[in-house]
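Below you'll find the structure, written out as structure tokens, and then a few comments.
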Amino acid sequence: MKVPHDAVVLVADGRKALMLRNEGDAAAVSLQVEHHEERANPADRDQASDLAGRSASVRTAGANWAAGGNVENTDFHQQGEDRFAAETAAMLNERALRQDFESLIIIAAPRTLGELRKHYHSEVSSRLTAEIGKDLTGHTVPQIEKLLAEAD
């Protein structure tokens, strides 16, 4: 994949974001770290206090109405990941509106990528060169450069 000079590359998952800028050119990518953020997001079992149960019946004006349905558990871990993706998209939106980059490549875990897409401003969308649905947050910058060079 051709990564234009001065392009921004975002590598993210639900709790890590790495912003890189190509200081090289399209033929020789040289990514430099501009911003790194990581948030703690414990497993859901460590955040939730109770399991969901069944809802109680509801009495209304002399009649019984049994809700009787199951109540689903709230996945606090996933909510945290979705919130992080929304905040990351807000940062991209702000930078795009400031004309901070002309070309943007996003490499994100598939679920995170889907959540990011929900929050793109049109200025981000217009600068988007590529999206890659992979989790590379555990990779080194040279490994990311190599993956980009090999991608079509």
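In the structure tokens, chains take letters A, B, ... by order of appearance, with residues numbered from 1 within each chain and ligands from 1 in the order shown.
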
Determine which residues of region 76-121 of chain A DSSP labels as helix (DSSP H, G or I) from the backbone of this structure, then write them out as a PDB file with N, CA and C atoms, in the first residue's frame.
ATOM      1  N   PHE A  76     -19.985  -4.287  30.689  1.00  0.00           N
ATOM      2  CA  PHE A  76     -19.275  -3.056  31.018  1.00  0.00           C
ATOM      3  C   PHE A  76     -17.940  -2.957  30.280  1.00  0.00           C
ATOM      4  N   HIS A  77     -17.302  -4.096  30.069  1.00  0.00           N
ATOM      5  CA  HIS A  77     -16.040  -4.102  29.341  1.00  0.00           C
ATOM      6  C   HIS A  77     -16.258  -3.616  27.908  1.00  0.00           C
ATOM      7  N   GLN A  78     -17.287  -4.139  27.241  1.00  0.00           N
ATOM      8  CA  GLN A  78     -17.569  -3.724  25.873  1.00  0.00           C
ATOM      9  C   GLN A  78     -18.000  -2.268  25.820  1.00  0.00           C
ATOM     10  N   GLN A  79     -18.770  -1.825  26.799  1.00  0.00           N
ATOM     11  CA  GLN A  79     -19.160  -0.415  26.850  1.00  0.00           C
ATOM     12  C   GLN A  79     -17.922   0.479  26.936  1.00  0.00           C
ATOM     13  N   GLY A  80     -16.939   0.065  27.724  1.00  0.00           N
ATOM     14  CA  GLY A  80     -15.699   0.826  27.844  1.00  0.00           C
ATOM     15  C   GLY A  80     -14.940   0.869  26.529  1.00  0.00           C
ATOM     16  N   GLU A  81     -14.886  -0.252  25.819  1.00  0.00           N
ATOM     17  CA  GLU A  81     -14.211  -0.286  24.522  1.00  0.00           C
ATOM     18  C   GLU A  81     -14.925   0.600  23.498  1.00  0.00           C
ATOM     19  N   ASP A  82     -16.251   0.556  23.500  1.00  0.00           N
ATOM     20  CA  ASP A  82     -17.023   1.379  22.569  1.00  0.00           C
ATOM     21  C   ASP A  82     -16.839   2.865  22.879  1.00  0.00           C
ATOM     22  N   ARG A  83     -16.811   3.205  24.151  1.00  0.00           N
ATOM     23  CA  ARG A  83     -16.600   4.602  24.565  1.00  0.00           C
ATOM     24  C   ARG A  83     -15.214   5.079  24.130  1.00  0.00           C
ATOM     25  N   PHE A  84     -14.203   4.231  24.296  1.00  0.00           N
ATOM     26  CA  PHE A  84     -12.840   4.588  23.881  1.00  0.00           C
ATOM     27  C   PHE A  84     -12.786   4.823  22.374  1.00  0.00           C
ATOM     28  N   ALA A  85     -13.454   3.967  21.604  1.00  0.00           N
ATOM     29  CA  ALA A  85     -13.489   4.138  20.144  1.00  0.00           C
ATOM     30  C   ALA A  85     -14.172   5.448  19.775  1.00  0.00           C
ATOM     31  N   ALA A  86     -15.270   5.779  20.449  1.00  0.00           N
ATOM     32  CA  ALA A  86     -15.977   7.036  20.171  1.00  0.00           C
ATOM     33  C   ALA A  86     -15.092   8.239  20.494  1.00  0.00           C
ATOM     34  N   GLU A  87     -14.354   8.167  21.596  1.00  0.00           N
ATOM     35  CA  GLU A  87     -13.455   9.263  21.970  1.00  0.00           C
ATOM     36  C   GLU A  87     -12.293   9.376  20.984  1.00  0.00           C
ATOM     37  N   THR A  88     -11.808   8.244  20.499  1.00  0.00           N
ATOM     38  CA  THR A  88     -10.735   8.256  19.496  1.00  0.00           C
ATOM     39  C   THR A  88     -11.243   8.882  18.203  1.00  0.00           C
ATOM     40  N   ALA A  89     -12.460   8.533  17.796  1.00  0.00           N
ATOM     41  CA  ALA A  89     -13.056   9.132  16.601  1.00  0.00           C
ATOM     42  C   ALA A  89     -13.242  10.639  16.788  1.00  0.00           C
ATOM     43  N   ALA A  90     -13.616  11.067  17.988  1.00  0.00           N
ATOM     44  CA  ALA A  90     -13.776  12.503  18.258  1.00  0.00           C
ATOM     45  C   ALA A  90     -12.443  13.230  18.087  1.00  0.00           C
ATOM     46  N   MET A  91     -11.352  12.594  18.538  1.00  0.00           N
ATOM     47  CA  MET A  91     -10.026  13.182  18.369  1.00  0.00           C
ATOM     48  C   MET A  91      -9.673  13.282  16.881  1.00  0.00           C
ATOM     49  N   LEU A  92      -9.977  12.241  16.103  1.00  0.00           N
ATOM     50  CA  LEU A  92      -9.745  12.285  14.657  1.00  0.00           C
ATOM     51  C   LEU A  92     -10.565  13.398  14.008  1.00  0.00           C
ATOM     52  N   ASN A  93     -11.818  13.518  14.425  1.00  0.00           N
ATOM     53  CA  ASN A  93     -12.691  14.557  13.884  1.00  0.00           C
ATOM     54  C   ASN A  93     -12.106  15.941  14.139  1.00  0.00           C
ATOM     55  N   GLU A  94     -11.665  16.165  15.366  1.00  0.00           N
ATOM     56  CA  GLU A  94     -11.087  17.456  15.740  1.00  0.00           C
ATOM     57  C   GLU A  94      -9.842  17.768  14.899  1.00  0.00           C
ATOM     58  N   ARG A  95      -8.982  16.774  14.751  1.00  0.00           N
ATOM     59  CA  ARG A  95      -7.755  16.980  13.967  1.00  0.00           C
ATOM     60  C   ARG A  95      -8.061  17.211  12.489  1.00  0.00           C
ATOM     61  N   ALA A  96      -9.050  16.515  11.954  1.00  0.00           N
ATOM     62  CA  ALA A  96      -9.423  16.719  10.554  1.00  0.00           C
ATOM     63  C   ALA A  96      -9.993  18.122  10.347  1.00  0.00           C
ATOM     64  N   LEU A  97     -10.794  18.573  11.278  1.00  0.00           N
ATOM     65  CA  LEU A  97     -11.367  19.919  11.171  1.00  0.00           C
ATOM     66  C   LEU A  97     -10.296  21.003  11.287  1.00  0.00           C
ATOM     67  N   PRO A 110     -11.518  -5.346  14.143  1.00  0.00           N
ATOM     68  CA  PRO A 110     -12.770  -5.215  13.389  1.00  0.00           C
ATOM     69  C   PRO A 110     -13.926  -4.578  14.163  1.00  0.00           C
ATOM     70  N   ARG A 111     -14.147  -4.977  15.391  1.00  0.00           N
ATOM     71  CA  ARG A 111     -15.256  -4.388  16.158  1.00  0.00           C
ATOM     72  C   ARG A 111     -14.990  -2.906  16.444  1.00  0.00           C
ATOM     73  N   THR A 112     -13.745  -2.580  16.767  1.00  0.00           N
ATOM     74  CA  THR A 112     -13.375  -1.190  17.019  1.00  0.00           C
ATOM     75  C   THR A 112     -13.537  -0.363  15.752  1.00  0.00           C
ATOM     76  N   LEU A 113     -13.142  -0.925  14.627  1.00  0.00           N
ATOM     77  CA  LEU A 113     -13.285  -0.232  13.349  1.00  0.00           C
ATOM     78  C   LEU A 113     -14.756   0.094  13.076  1.00  0.00           C
ATOM     79  N   GLY A 114     -15.622  -0.855  13.343  1.00  0.00           N
ATOM     80  CA  GLY A 114     -17.059  -0.616  13.174  1.00  0.00           C
ATOM     81  C   GLY A 114     -17.563   0.491  14.073  1.00  0.00           C
ATOM     82  N   GLU A 115     -17.082   0.533  15.296  1.00  0.00           N
ATOM     83  CA  GLU A 115     -17.498   1.579  16.240  1.00  0.00           C
ATOM     84  C   GLU A 115     -16.931   2.930  15.829  1.00  0.00           C
ATOM     85  N   LEU A 116     -15.688   2.965  15.366  1.00  0.00           N
ATOM     86  CA  LEU A 116     -15.096   4.215  14.888  1.00  0.00           C
ATOM     87  C   LEU A 116     -15.928   4.795  13.744  1.00  0.00           C
ATOM     88  N   ARG A 117     -16.319   3.945  12.802  1.00  0.00           N
ATOM     89  CA  ARG A 117     -17.072   4.384  11.617  1.00  0.00           C
ATOM     90  C   ARG A 117     -18.362   5.111  11.988  1.00  0.00           C
TER      91      ARG A 117
END

* Would you list the contacts of Ile107 (chain A) as a ChimeraX atom specification, taking every protein, DNA or RNA residue within 7 Å and counting only C-alpha atoms, but skipping same-chain residues closer than 3 positions in sequence? => /A:10-12,131-134

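By only C-alpha atoms, and with residues fewer than 5 positions from Arg39 (chain A) along its chain excluded, the set lying at most 9 Å from it is Gly14, Arg15, Lys16 and Phe84 of chain A.
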
* To do: Write out as a PyMOL selection string the residues lying within 6 Å of Leu20 (chain A), counting only C-alpha atoms and excluding same-chain residues fewer than 2 positions away.
  => chain A and resi 8-9+31-34

Out of region 101-151 of chain A, which residues get strand (DSSP E or B) from DSSP, as a PDB file with N, CA and C atoms, in the first residue's frame?
ATOM      1  N   LEU A 104      -5.421   9.726   5.798  1.00  0.00           N
ATOM      2  CA  LEU A 104      -5.577   8.955   7.028  1.00  0.00           C
ATOM      3  C   LEU A 104      -5.748   7.478   6.693  1.00  0.00           C
ATOM      4  N   ILE A 105      -4.988   6.655   7.384  1.00  0.00           N
ATOM      5  CA  ILE A 105      -5.118   5.198   7.275  1.00  0.00           C
ATOM      6  C   ILE A 105      -5.451   4.691   8.671  1.00  0.00           C
ATOM      7  N   ILE A 106      -6.485   3.885   8.769  1.00  0.00           N
ATOM      8  CA  ILE A 106      -6.893   3.341  10.063  1.00  0.00           C
ATOM      9  C   ILE A 106      -6.717   1.833  10.034  1.00  0.00           C
ATOM     10  N   ILE A 107      -5.987   1.341  11.033  1.00  0.00           N
ATOM     11  CA  ILE A 107      -5.808  -0.094  11.239  1.00  0.00           C
ATOM     12  C   ILE A 107      -6.390  -0.367  12.624  1.00  0.00           C
ATOM     13  N   ALA A 108      -7.474  -1.102  12.680  1.00  0.00           N
ATOM     14  CA  ALA A 108      -8.141  -1.320  13.961  1.00  0.00           C
ATOM     15  C   ALA A 108      -8.769  -2.702  14.009  1.00  0.00           C
ATOM     16  N   LEU A 128      -9.948   9.776   4.410  1.00  0.00           N
ATOM     17  CA  LEU A 128      -9.674   8.362   4.658  1.00  0.00           C
ATOM     18  C   LEU A 128      -9.133   7.693   3.400  1.00  0.00           C
ATOM     19  N   THR A 129      -7.887   7.247   3.485  1.00  0.00           N
ATOM     20  CA  THR A 129      -7.231   6.576   2.363  1.00  0.00           C
ATOM     21  C   THR A 129      -7.489   5.079   2.400  1.00  0.00           C
ATOM     22  N   ALA A 130      -7.452   4.493   3.610  1.00  0.00           N
ATOM     23  CA  ALA A 130      -7.658   3.047   3.739  1.00  0.00           C
ATOM     24  C   ALA A 130      -8.069   2.700   5.155  1.00  0.00           C
ATOM     25  N   GLU A 131      -8.783   1.591   5.271  1.00  0.00           N
ATOM     26  CA  GLU A 131      -9.110   0.987   6.558  1.00  0.00           C
ATOM     27  C   GLU A 131      -8.693  -0.473   6.491  1.00  0.00           C
ATOM     28  N   ILE A 132      -8.044  -0.933   7.539  1.00  0.00           N
ATOM     29  CA  ILE A 132      -7.627  -2.332   7.625  1.00  0.00           C
ATOM     30  C   ILE A 132      -8.188  -2.891   8.921  1.00  0.00           C
ATOM     31  N   GLY A 133      -8.990  -3.932   8.817  1.00  0.00           N
ATOM     32  CA  GLY A 133      -9.625  -4.538   9.981  1.00  0.00           C
ATOM     33  C   GLY A 133      -8.751  -5.602  10.628  1.00  0.00           C
TER      34      GLY A 133
END
